[in-house]
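Chemist: So that we are looking at the same thing, I have put the structure below in structure tokens.
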Amino acid sequence: MIVSISDDFDPRKIAESGQCFRWKLVENNTWRIISADQCIYITSLGGTDYLFECDEDTIHSLWENYFDFPLNYRAIRARVSPETDSFLYDATEHEKGIRILQQDPWEMLISFIISQNRNIPAIQHSIESLAEMCGELKTDVRGEPFYSFPSPEAIALLSEQELKACRVGYRWKYIQAAAHAALHGDFCPDFFRSLSPEETIKQLTKLYGVGRKVACCIMLFGLHQLDAFPRDVWVNRILANKYPDGYPYDRYSPYNGVYQQYMFAYYRHENGKTAPGITDV
DNA sequence: AGGCAGGCTTTTA
DNA sequence: TAAAAGCCTGCC
């Protein structure tokens, strides 16, 4: 069905923002999106109109929350003053259309363990291999096959060789440990939701192969904690170069993670996806 | 205790 | 050869 979306929504920017790894541009303006065990095609029709290839009930029960449509991102951008913070203002203007997806926490755990020390195409390749190896084979609305994101049970059954065949390298141990943790109740999203942010980071970083950065990504993209602020090398460069006197977290709470996404995308576009920072730290 | 160096792995340019 | 949305272990 065709939906009109008046708030910020730019699938291309979301697809390139590094928060999701199973979006694929299949035609001009059409993305095939796989999340957990679901698949949808969305097409930008121009203006505010988008084609969602599913029925209205499915949009409401599934995709409305996935795309975070209840939250007004224009209002979040409007909190940034061009006078007090010209860099962040420029970032929000330039990257308007980004939203923070509400993705499956388990899928985020594995995806961001895989992401460490790798570029986005390599991450996508590994995740797709993993899904093909032990995800569930399904058929989408167009009759095309796809694989669901694998369950903890399925991943726990994989051997070292099978995991390594997914090009995850030394991270295979972390993935295996994460699967066992999930099976033993040591990765419990509903429990994490009852904790404070610092306590959640503490719990997540107990998992083998999960540091503070990956923990923050799981919180931001999997638990929809929009104040979580992942600090990777790029964000550290931004903080050093643009906020030498300190970054005003308090001013931007409770949406620090959203602004981080704008800054990250903007800075990478400005400096080139593979170029080092102008002034490295 | 907390910071730092070195190792881990593979793909891409 | 270097760099890529890091983290672990061991050493100090």
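Starting from 1 in every chain, residues are counted up; chains themselves are A, B, ... following the order of the structure tokens, and ligands are numbered from 1 as listed.
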At a cut-off of 6 Å, which residues of chain C touch chain A? Count only C-alpha atoms (C1' of nucleotides) and give the answer as a list of chain:residue names.
Modeler: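 Every residue of chain C that passes the 6 Å test is in C:DA4, C:DA5, C:DG6, C:DC7.
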Chemist: Could you pull the residues within 10 Å of stretch 192-203 of chain A, counting only C-alpha atoms (C1' of nucleotides), minus those fewer than 2 positions along the same chain, as a PyMOL selection string?
Modeler: chain A and resi 186-190+205-207+210-216+218-219+223-225+227-228
Chemist: Could you make a table, as a tab-separated table, of the residues of chain A that have an atom within 8 Å of an atom of chain B, each with its nearest atom pair and distance in Å to one decimal, counting only C-alpha atoms (C1' of nucleotides), in chain and number order?
Modeler:
residue	atom	partner	partner_atom	distance
A:Ala122	CA	B:DT11	C1'	6.7
A:Arg167	CA	B:DT10	C1'	6.9
A:Val168	CA	B:DT9	C1'	7.5
A:Gly169	CA	B:DT9	C1'	4.6
A:Tyr170	CA	B:DT9	C1'	5.6
Chemist: So the first atom is atom CA of A:Asp140 and the second is atom CA of A:Ala182; what is the distance between them in Å, to one decimal place?
Modeler: 27.6 Å
Chemist: Quote the spacing between atom CA of A:Ser148 and atom CA of A:Arg32 in Å to one decimal place.
Modeler: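 A separation of 13.3 Å between them.
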Chemist: Residues of stretch 48-97 of chain A in alpha helix (DSSP H) according to DSSP, as JSON, numbers by chain?
Modeler: {"A": [56, 57, 58, 64, 65, 66, 73, 74, 75, 76, 77, 78, 86, 87, 88, 89, 90, 91, 92, 93, 94]}
Chemist: Restricted to C-alpha atoms, what would the selected residues look like written as a PDB file, in the first residue's frame?
Modeler:
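Final file, part-v8.pdb:
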ATOM      1  CA  GLU A  56      -1.877  -2.154   6.277  1.00  0.00           C
ATOM      2  CA  ASP A  57      -2.036  -4.466   9.294  1.00  0.00           C
ATOM      3  CA  THR A  58       1.562  -5.547   8.750  1.00  0.00           C
ATOM      4  CA  GLU A  64       5.806   1.323  11.804  1.00  0.00           C
ATOM      5  CA  ASN A  65       7.936   0.641  14.852  1.00  0.00           C
ATOM      6  CA  TYR A  66      10.865  -0.683  12.833  1.00  0.00           C
ATOM      7  CA  TYR A  73      12.768  13.493  13.861  1.00  0.00           C
ATOM      8  CA  ARG A  74      12.089  16.960  12.519  1.00  0.00           C
ATOM      9  CA  ALA A  75      11.476  18.049  16.111  1.00  0.00           C
ATOM     10  CA  ILE A  76      14.722  16.405  17.189  1.00  0.00           C
ATOM     11  CA  ARG A  77      16.598  18.347  14.529  1.00  0.00           C
ATOM     12  CA  ALA A  78      14.843  21.542  15.530  1.00  0.00           C
ATOM     13  CA  SER A  86      26.916  25.211  13.638  1.00  0.00           C
ATOM     14  CA  PHE A  87      28.635  21.857  13.050  1.00  0.00           C
ATOM     15  CA  LEU A  88      25.794  19.751  14.401  1.00  0.00           C
ATOM     16  CA  TYR A  89      23.256  22.003  12.722  1.00  0.00           C
ATOM     17  CA  ASP A  90      24.964  21.515   9.360  1.00  0.00           C
ATOM     18  CA  ALA A  91      25.119  17.778  10.027  1.00  0.00           C
ATOM     19  CA  THR A  92      21.365  17.546  10.714  1.00  0.00           C
ATOM     20  CA  GLU A  93      20.558  19.627   7.629  1.00  0.00           C
ATOM     21  CA  HIS A  94      22.837  17.620   5.395  1.00  0.00           C
TER      22      HIS A  94
END
Chemist: Can you pull out every residue from stretch 58-148 of chain A that DSSP, working from the backbone, puts in strand (DSSP E), and format the result as a VMD selection string?
Modeler: chain A and resid 137 to 139 145 to 147
